[in-house]
$ cat structure-v5.cif   # mmCIF, C-alpha atoms and all ligand atoms
data_upload
loop_
_atom_site.label_atom_id
_atom_site.label_comp_id
_atom_site.auth_asym_id
_atom_site.auth_seq_id
_atom_site.Cartn_x
_atom_site.Cartn_y
_atom_site.Cartn_z
CA MET A 120 66.29 -146.13 -20.21
CA THR A 121 63.59 -143.67 -21.26
CA VAL A 122 61.93 -142.03 -18.26
CA ILE A 123 59.79 -139.47 -20.10
CA GLN A 124 58.39 -139.68 -23.59
CA THR A 125 56.13 -137.12 -25.27
CA ARG A 126 54.53 -137.44 -28.69
CA VAL A 127 53.15 -134.39 -30.52
CA LEU A 128 52.12 -133.01 -27.16
CA THR A 129 50.12 -129.81 -27.54
CA LYS A 130 48.51 -127.49 -24.99
CA ARG A 131 46.25 -124.54 -25.71
CA TYR A 132 44.94 -122.71 -22.67
CA GLY A 133 41.21 -121.99 -22.74
CA GLY A 134 40.76 -122.19 -26.50
CA SER A 135 43.66 -119.82 -27.14
CA LYS A 136 44.91 -119.81 -30.75
CA VAL A 137 48.50 -119.72 -29.60
CA ALA A 138 49.74 -123.06 -28.27
CA ALA A 139 51.71 -122.91 -25.01
CA LEU A 140 53.21 -126.23 -26.13
CA ASP A 141 53.17 -127.09 -29.81
CA SER A 142 53.58 -130.69 -31.06
CA LEU A 143 56.38 -131.48 -28.66
CA SER A 144 58.03 -134.89 -29.14
CA ILE A 145 60.96 -135.61 -26.85
CA ASP A 146 62.57 -138.57 -25.09
CA VAL A 147 64.20 -138.01 -21.72
CA GLY A 148 66.67 -140.53 -20.34
CA GLU A 149 68.66 -140.91 -17.14
CA GLY A 150 71.01 -138.29 -15.69
CA VAL A 151 70.22 -134.59 -15.76
CA THR A 152 68.06 -133.17 -18.54
CA GLY A 153 67.82 -129.39 -18.79
CA VAL A 154 64.79 -127.72 -20.33
CA VAL A 155 65.75 -124.23 -21.36
CA GLY A 156 63.64 -121.44 -22.76
CA ALA A 157 62.71 -117.81 -22.24
CA ASN A 158 59.75 -116.68 -20.14
CA GLY A 159 56.59 -118.17 -21.59
CA ALA A 160 58.43 -120.85 -23.60
CA GLY A 161 56.22 -123.57 -22.06
CA LYS A 162 58.56 -125.08 -19.46
CA SER A 163 56.12 -125.04 -16.54
CA THR A 164 53.26 -126.11 -18.78
CA LEU A 165 55.27 -129.15 -19.84
CA ILE A 166 56.04 -130.14 -16.24
CA LYS A 167 52.42 -129.74 -15.11
CA ILE A 168 51.23 -131.90 -18.01
CA LEU A 169 53.84 -134.55 -17.24
CA LEU A 170 52.62 -134.66 -13.62
CA GLY A 171 49.03 -135.10 -14.77
CA LEU A 172 48.05 -131.78 -13.16
CA LEU A 173 47.02 -130.28 -16.51
CA SER A 174 45.55 -132.20 -19.41
CA PRO A 175 47.03 -131.70 -22.86
CA THR A 176 44.86 -130.48 -25.73
CA SER A 177 46.25 -133.27 -27.91
CA GLY A 178 49.14 -135.69 -28.07
CA ASP A 179 50.44 -138.27 -25.61
CA ALA A 180 53.10 -138.69 -22.98
CA THR A 181 54.35 -141.27 -20.54
CA VAL A 182 56.34 -140.75 -17.35
CA LEU A 183 58.14 -143.83 -15.96
CA GLY A 184 55.91 -145.83 -18.27
CA HIS A 185 52.67 -144.33 -16.87
CA ASP A 186 50.16 -142.61 -19.14
CA ILE A 187 49.75 -138.95 -18.14
CA ARG A 188 46.05 -138.96 -19.03
CA THR A 189 45.01 -141.90 -16.87
CA GLU A 190 47.78 -142.52 -14.35
CA GLY A 191 48.53 -139.09 -12.91
CA GLU A 192 48.33 -140.36 -9.35
CA ALA A 193 50.88 -143.12 -9.97
CA ILE A 194 53.15 -140.53 -11.58
CA ARG A 195 52.85 -138.10 -8.65
CA THR A 196 53.59 -140.91 -6.21
CA ALA A 197 56.83 -141.78 -7.98
CA VAL A 198 57.99 -138.29 -8.95
CA GLY A 199 59.40 -135.51 -6.78
CA TYR A 200 58.22 -132.05 -7.89
CA MET A 201 59.69 -128.70 -7.01
CA PRO A 202 57.26 -126.03 -8.23
CA GLU A 203 58.41 -122.72 -9.63
CA HIS A 204 56.47 -120.47 -7.28
CA ASP A 205 56.49 -120.23 -3.52
CA CYS A 206 54.36 -123.00 -2.06
CA LEU A 207 55.61 -123.06 1.53
CA PRO A 208 53.21 -122.40 4.41
CA PRO A 209 54.83 -119.44 6.23
CA ASP A 210 53.65 -120.52 9.67
CA MET A 211 55.24 -123.96 9.50
CA ARG A 212 58.75 -125.07 10.39
CA ALA A 213 60.62 -126.73 7.51
CA ILE A 214 61.03 -129.94 9.49
CA ASP A 215 57.27 -130.25 10.10
CA PHE A 216 56.45 -129.38 6.50
CA VAL A 217 58.84 -131.92 5.00
CA VAL A 218 57.68 -134.63 7.44
CA HIS A 219 54.10 -133.81 6.42
CA MET A 220 54.98 -134.09 2.71
CA GLY A 221 56.64 -137.44 3.41
CA ARG A 222 53.52 -138.66 5.21
CA VAL A 223 51.29 -137.47 2.35
CA SER A 224 53.50 -139.46 0.00
CA GLY A 225 52.87 -142.59 2.04
CA LEU A 226 55.86 -142.83 4.40
CA PRO A 227 55.16 -144.20 7.90
CA PRO A 228 55.65 -141.56 10.68
CA ALA A 229 59.07 -142.71 11.88
CA ALA A 230 60.44 -143.08 8.35
CA ALA A 231 59.04 -139.66 7.39
CA ARG A 232 60.82 -138.01 10.34
CA GLU A 233 64.09 -139.74 9.57
CA ARG A 234 63.97 -138.99 5.83
CA ALA A 235 62.96 -135.36 6.44
CA ALA A 236 65.93 -134.77 8.72
CA ASP A 237 68.21 -136.43 6.16
CA VAL A 238 67.05 -134.47 3.13
CA LEU A 239 67.00 -131.16 5.01
CA ARG A 240 70.58 -131.72 6.08
CA HIS A 241 71.44 -132.76 2.55
CA VAL A 242 70.10 -129.52 1.03
CA GLY A 243 71.94 -127.47 3.65
CA LEU A 244 69.12 -126.61 6.07
CA ALA A 245 70.50 -128.07 9.25
CA GLU A 246 69.80 -125.67 12.13
CA GLU A 247 67.35 -123.57 10.13
CA ARG A 248 64.91 -126.47 9.84
CA TYR A 249 63.42 -125.56 13.20
CA ARG A 250 62.54 -122.02 12.09
CA LEU A 251 59.22 -120.90 10.60
CA MET A 252 59.54 -120.79 6.82
CA GLY A 253 57.84 -117.40 6.62
CA GLY A 254 61.13 -115.91 7.81
CA TYR A 255 63.27 -117.74 5.26
CA SER A 256 65.40 -116.04 2.61
CA THR A 257 64.74 -116.97 -1.03
CA GLY A 258 67.73 -119.30 -0.97
CA MET A 259 66.42 -121.11 2.10
CA LYS A 260 62.94 -121.38 0.55
CA GLN A 261 64.37 -122.93 -2.61
CA ARG A 262 66.24 -125.46 -0.46
CA ALA A 263 63.11 -126.33 1.51
CA LYS A 264 61.19 -126.77 -1.76
CA LEU A 265 63.91 -129.11 -2.99
CA ALA A 266 63.85 -131.09 0.27
CA GLN A 267 60.11 -131.76 0.04
CA ALA A 268 60.62 -132.99 -3.56
CA LEU A 269 63.16 -135.56 -2.35
CA VAL A 270 61.66 -136.76 0.93
CA HIS A 271 59.80 -139.79 -0.42
CA ASP A 272 62.76 -141.25 -2.37
CA PRO A 273 61.37 -140.39 -5.80
CA ARG A 274 62.35 -142.33 -8.92
CA LEU A 275 62.45 -139.10 -10.93
CA VAL A 276 62.49 -135.42 -9.96
CA MET A 277 61.17 -132.41 -11.85
CA LEU A 278 62.61 -129.10 -10.70
CA ASP A 279 61.01 -125.94 -12.10
CA GLU A 280 63.57 -123.11 -12.05
CA PRO A 281 65.34 -124.11 -8.82
CA THR A 282 67.88 -121.29 -9.19
CA ASN A 283 65.25 -118.57 -9.54
CA GLY A 284 65.94 -115.59 -7.30
CA LEU A 285 69.27 -116.91 -5.99
CA ASP A 286 72.48 -114.90 -5.72
CA PRO A 287 75.53 -116.26 -7.59
CA ALA A 288 76.90 -118.25 -4.64
CA ALA A 289 73.52 -119.80 -3.77
CA ARG A 290 73.00 -120.53 -7.46
CA GLU A 291 76.23 -122.51 -7.61
CA ASP A 292 75.23 -124.47 -4.49
CA MET A 293 71.84 -125.29 -5.96
CA LEU A 294 73.35 -126.39 -9.29
CA ALA A 295 75.81 -128.63 -7.45
CA LEU A 296 72.91 -130.19 -5.52
CA VAL A 297 70.94 -130.81 -8.70
CA ARG A 298 73.94 -132.38 -10.36
CA ARG A 299 74.51 -134.64 -7.35
CA ILE A 300 70.89 -135.82 -7.40
CA GLY A 301 71.27 -136.87 -11.03
CA HIS A 302 74.76 -138.31 -10.88
CA ASP A 303 75.66 -139.43 -7.34
CA PHE A 304 72.19 -140.58 -6.34
CA GLY A 305 71.28 -141.78 -9.82
CA ILE A 306 67.82 -140.18 -9.77
CA PRO A 307 66.89 -138.88 -13.23
CA VAL A 308 66.31 -135.11 -13.12
CA LEU A 309 64.30 -132.82 -15.37
CA VAL A 310 65.31 -129.24 -14.52
CA THR A 311 64.20 -125.99 -16.14
CA SER A 312 65.90 -122.63 -16.40
CA HIS A 313 65.94 -119.62 -18.66
CA LEU A 314 69.68 -119.33 -18.11
CA LEU A 315 71.47 -121.37 -20.73
CA GLY A 316 74.94 -121.22 -19.26
CA GLU A 317 73.97 -122.89 -16.01
CA LEU A 318 72.14 -125.82 -17.63
CA GLU A 319 75.02 -126.31 -20.01
CA ARG A 320 77.26 -127.09 -17.05
CA ILE A 321 75.09 -129.56 -15.16
CA SER A 322 72.99 -131.29 -17.84
CA ASP A 323 73.74 -134.41 -19.82
CA HIS A 324 71.02 -133.56 -22.27
CA VAL A 325 69.40 -130.25 -23.16
CA VAL A 326 65.95 -129.56 -24.58
CA VAL A 327 65.57 -126.07 -26.01
CA LEU A 328 62.04 -124.66 -26.19
CA ASP A 329 61.00 -121.49 -27.96
CA ALA A 330 57.39 -120.30 -27.67
CA GLY A 331 56.15 -123.87 -27.23
CA HIS A 332 58.21 -125.28 -30.10
CA LEU A 333 61.10 -127.69 -29.80
CA LEU A 334 64.25 -126.04 -31.13
CA ARG A 335 66.66 -128.81 -30.22
CA SER A 336 66.93 -131.90 -28.06
CA GLU A 337 70.49 -133.12 -27.88
CA ALA A 338 73.29 -134.35 -25.67
CA THR A 339 75.02 -131.34 -24.09
CA THR A 340 78.28 -132.40 -25.69
CA ALA A 341 76.69 -131.84 -29.10
CA PHE A 342 76.18 -128.19 -28.17
CA THR A 343 79.59 -127.58 -26.71
CA ALA A 344 81.66 -129.69 -29.10
CA ASP A 345 84.57 -128.27 -31.03
CA THR A 346 83.11 -126.43 -34.03
CA GLY A 347 86.28 -126.97 -36.07
CA HIS A 348 86.66 -123.20 -36.35
CA VAL A 349 89.54 -121.19 -34.95
CA LEU A 350 89.28 -117.91 -33.04
CA VAL A 351 92.01 -115.32 -33.35
CA GLU A 352 92.39 -112.27 -31.14
CA VAL A 353 94.81 -109.51 -32.09
CA LEU A 354 95.46 -106.15 -30.45
CA GLY A 355 96.42 -102.88 -32.06
CA GLU A 356 94.91 -100.11 -34.13
CA ASP A 357 92.22 -101.46 -36.46
CA ALA A 358 93.56 -104.87 -35.51
CA GLN A 359 90.55 -106.85 -36.63
CA SER A 360 90.16 -105.28 -40.07
CA ARG A 361 93.89 -105.17 -40.84
CA MET A 362 94.39 -108.79 -39.86
CA GLY A 363 91.23 -109.65 -41.77
CA GLN A 364 92.47 -108.00 -44.95
CA ALA A 365 95.85 -109.71 -44.70
CA LEU A 366 94.16 -113.09 -44.17
CA ALA A 367 91.83 -112.52 -47.11
CA ALA A 368 94.84 -111.63 -49.29
CA ARG A 369 96.23 -115.08 -48.41
CA GLY A 370 92.96 -116.66 -49.42
CA VAL A 371 91.89 -117.41 -45.80
CA ALA A 372 88.17 -116.76 -45.26
CA TRP A 373 87.13 -115.23 -41.91
CA GLN A 374 84.22 -113.53 -40.21
CA PRO A 375 84.01 -111.19 -37.23
CA ARG A 376 83.00 -112.60 -33.81
CA GLY A 377 82.79 -109.51 -31.65
CA GLN A 378 86.33 -108.18 -31.62
CA LEU A 379 87.74 -111.57 -32.66
CA LEU A 380 88.24 -113.19 -36.05
CA GLU A 381 86.63 -116.55 -36.67
CA ILE A 382 88.38 -118.64 -39.29
CA ASP A 383 87.18 -121.79 -40.99
CA PRO A 384 90.46 -123.65 -41.40
CA ALA A 385 89.12 -125.64 -44.36
CA ASP A 386 91.48 -123.66 -46.64
CA ALA A 387 94.63 -124.28 -44.64
CA PRO A 388 95.65 -127.09 -42.26
CA PRO A 389 95.54 -125.81 -38.63
CA ASP A 390 99.30 -125.87 -38.15
CA ALA A 391 99.88 -123.86 -41.30
CA LEU A 392 97.10 -121.51 -40.22
CA ARG A 393 98.81 -120.88 -36.90
CA ASP A 394 102.04 -119.97 -38.71
CA ILE A 395 100.21 -117.69 -41.14
CA VAL A 396 98.42 -115.84 -38.34
CA ARG A 397 101.59 -115.49 -36.28
CA ASP A 398 103.62 -114.19 -39.23
CA LEU A 399 100.92 -111.76 -40.31
CA ALA A 400 100.60 -110.38 -36.78
CA ALA A 401 104.36 -109.81 -36.69
CA GLU A 402 104.32 -108.17 -40.14
CA LEU A 403 101.46 -105.86 -39.21
CA GLY A 404 102.91 -105.06 -35.80
CA LEU A 405 99.82 -106.41 -34.02
CA GLY A 406 99.83 -108.10 -30.64
CA LEU A 407 98.68 -111.71 -30.95
CA VAL A 408 96.60 -112.52 -27.88
CA ARG A 409 95.36 -115.97 -28.80
CA ILE A 410 94.67 -118.57 -31.44
CA GLN A 411 92.25 -121.16 -30.11
CA PRO A 412 89.76 -123.78 -31.27
CA GLN A 413 86.23 -122.44 -31.05
CA THR A 414 83.73 -124.49 -29.09
CA GLY A 415 80.01 -124.01 -29.44
CA ARG A 416 77.93 -122.66 -26.58
CA LEU A 417 74.24 -122.92 -25.88
CA GLU A 418 73.99 -119.15 -26.21
CA ASP A 419 75.03 -119.54 -29.84
CA VAL A 420 72.27 -122.06 -30.43
CA PHE A 421 69.80 -119.38 -29.46
CA ARG A 422 71.51 -116.66 -31.46
CA GLU A 423 71.50 -118.83 -34.56
CA GLU A 424 68.03 -120.23 -34.36
CA VAL A 425 65.75 -117.78 -32.61
CA PRO A 426 64.75 -114.90 -34.84
CA ALA A 427 65.42 -111.64 -33.02
N1 LIG A 501 46.86 -120.88 -16.64
C1 LIG A 501 47.13 -120.29 -17.82
N2 LIG A 501 46.16 -119.73 -18.56
C2 LIG A 501 46.41 -119.17 -19.76
N3 LIG A 501 47.63 -119.10 -20.31
C3 LIG A 501 48.66 -119.63 -19.63
C4 LIG A 501 48.46 -120.26 -18.34
N4 LIG A 501 49.66 -120.71 -17.90
C5 LIG A 501 50.55 -120.37 -18.85
N5 LIG A 501 49.96 -119.73 -19.89
C6 LIG A 501 50.64 -119.28 -21.13
O1 LIG A 501 51.31 -120.36 -21.71
C7 LIG A 501 52.58 -119.99 -22.20
C8 LIG A 501 53.66 -120.85 -21.57
O2 LIG A 501 53.71 -120.54 -20.17
P1 LIG A 501 54.63 -121.34 -19.15
O3 LIG A 501 54.32 -120.82 -17.81
O4 LIG A 501 54.51 -122.79 -19.39
O5 LIG A 501 56.09 -120.86 -19.61
P2 LIG A 501 57.48 -120.97 -18.84
O6 LIG A 501 58.47 -121.41 -19.87
O7 LIG A 501 57.34 -121.77 -17.62
O8 LIG A 501 57.76 -119.44 -18.47
P3 LIG A 501 58.54 -118.80 -17.19
O9 LIG A 501 60.00 -118.83 -17.54
O10 LIG A 501 58.03 -117.41 -17.15
O11 LIG A 501 58.20 -119.60 -15.98
C9 LIG A 501 52.72 -118.51 -21.92
O12 LIG A 501 52.36 -117.80 -23.08
C10 LIG A 501 51.72 -118.26 -20.81
O13 LIG A 501 51.23 -116.95 -20.88
MG MG A 502 57.67 -121.42 -15.67
#
$ encode --input "structure-v5.cif" --output "structure tokens"
Amino acid sequence: MTVIQTRVLTKRYGGSKVAALDSLSIDVGEGVTGVVGANGAGKSTLIKILLGLLSPTSGDATVLGHDIRTEGEAIRTAVGYMPEHDCLPPDMRAIDFVVHMGRVSGLPPAAARERAADVLRHVGLAEERYRLMGGYSTGMKQRAKLAQALVHDPRLVMLDEPTNGLDPAAREDMLALVRRIGHDFGIPVLVTSHLLGELERISDHVVVLDAGHLLRSEATTAFTADTGHVLVEVLGEDAQSRMGQALAARGVAWQPRGQLLEIDPADAPPDALRDIVRDLAAELGLGLVRIQPQTGRLEDVFREEVPA
């Protein structure tokens, strides 16, 4: 099921020549969709347009079947939104704030209180929910922001950089929460980050933005699939170049990957290639650390496609 669809969506701020979003056409389905891009890539602009908070300069989009230009209110009723920047009133307790957000979203008072307590516990703010949010750590603030996005049982959530400012442990917790929302609770999630590695792990689908342009929109497995290449690591003096020369003499093409050798096994079947590498390492007196299939990583997508 398609939950978000954009067609040649373009946004220029205040008559600027440079488009913050440039002719973006994507389809977002169920599960977790990661939107990845560097600072200024257009991630927040996209989310604000999808919520009907900003109007696009041109192009169209629908969210849960609603037109962003005319049905922003219906979209905001159905969608949970976690903004990028701090939006928490410092002189409120998390419990009161989340109840309030539930009430604003149309929940009756008793249901709002019950749901608020549930979601706060779910995001890991159990005791802390009675404290004023002004005294919260960044990690606690991110959790409170997530709780208010979930309180009204949304049919879709949009999370703008939920791991921003978190230490590694808190980052892992947040990623696990996001994954659970998408998979265990079955609520489609659109989540942004400028860190590729973390979205790679929790997303079913990844959209890569670069300066407002769509670089790729693909299932995560397409990014991380086996590339068919083989990586070889050898140790010893001039290990890489000596092994490289010996391979080339056998007609095996290779290229450097850091300290490793990347081989396209098109010339030799993989089993034969393993034997060749092992024998050459022995002949040259090099330590053979590993021979392994190379899998793609999102980082490589960037390296290959974004001009430095
Ligand atoms: N209100 C605004 N007025 C003018 N330009 C803006 C405005 N908001 C964003 N921009 C510009 O639009 C582009 C995209 O910004 P946006 O905030 O959508 O990127 P982002 O991917 O969310 O970046 P970040 O990772 O820093 O949050 C940037 O060049 C930014 O300077
Ligand atoms: Mg942003």
$ atom_distance --input "structure-v5.cif" --atom1 "atom O11 of ligand LIG 501 (chain A)" --atom2 "atom CA of Lys162 of chain A"
6.5 Å
$ closest_atom_pairs --input "structure-v5.cif" --of "segment 215-301 of chain A" --to "segment 163-171 of chain A" --cutoff "9 Å" --atoms "all atoms listed in the file" --output "Markdown table"
| residue | atom | partner | partner_atom | distance |
| --- | --- | --- | --- | --- |
| A:Met277 | CA | A:Ile166 | CA | 7.1 |
| A:Leu278 | CA | A:Ile166 | CA | 8.7 |
| A:Asp279 | CA | A:Ser163 | CA | 6.7 |
| A:Glu280 | CA | A:Ser163 | CA | 8.9 |
$ residues_around --input "structure-v5.cif" --residues "segment 300-304 of chain A" --least-positions-apart "4" --cutoff "7 Å" --atoms "only C-alpha atoms" --output "ChimeraX atom specification"
/A:150-151,296,308
$ closest_residue --input "structure-v5.cif" --among "A:Arg361, A:Arg393, A:Arg126, A:Arg369" --to "Leu140 of chain A" --atoms "all atoms listed in the file"
A:Arg126
$ residues_around --input "structure-v5.cif" --residues "Asp210 of chain A" --least-positions-apart "5" --cutoff "12 Å" --atoms "all atoms listed in the file" --output "VMD selection string"
chain A and resid 215 to 216 249 to 255
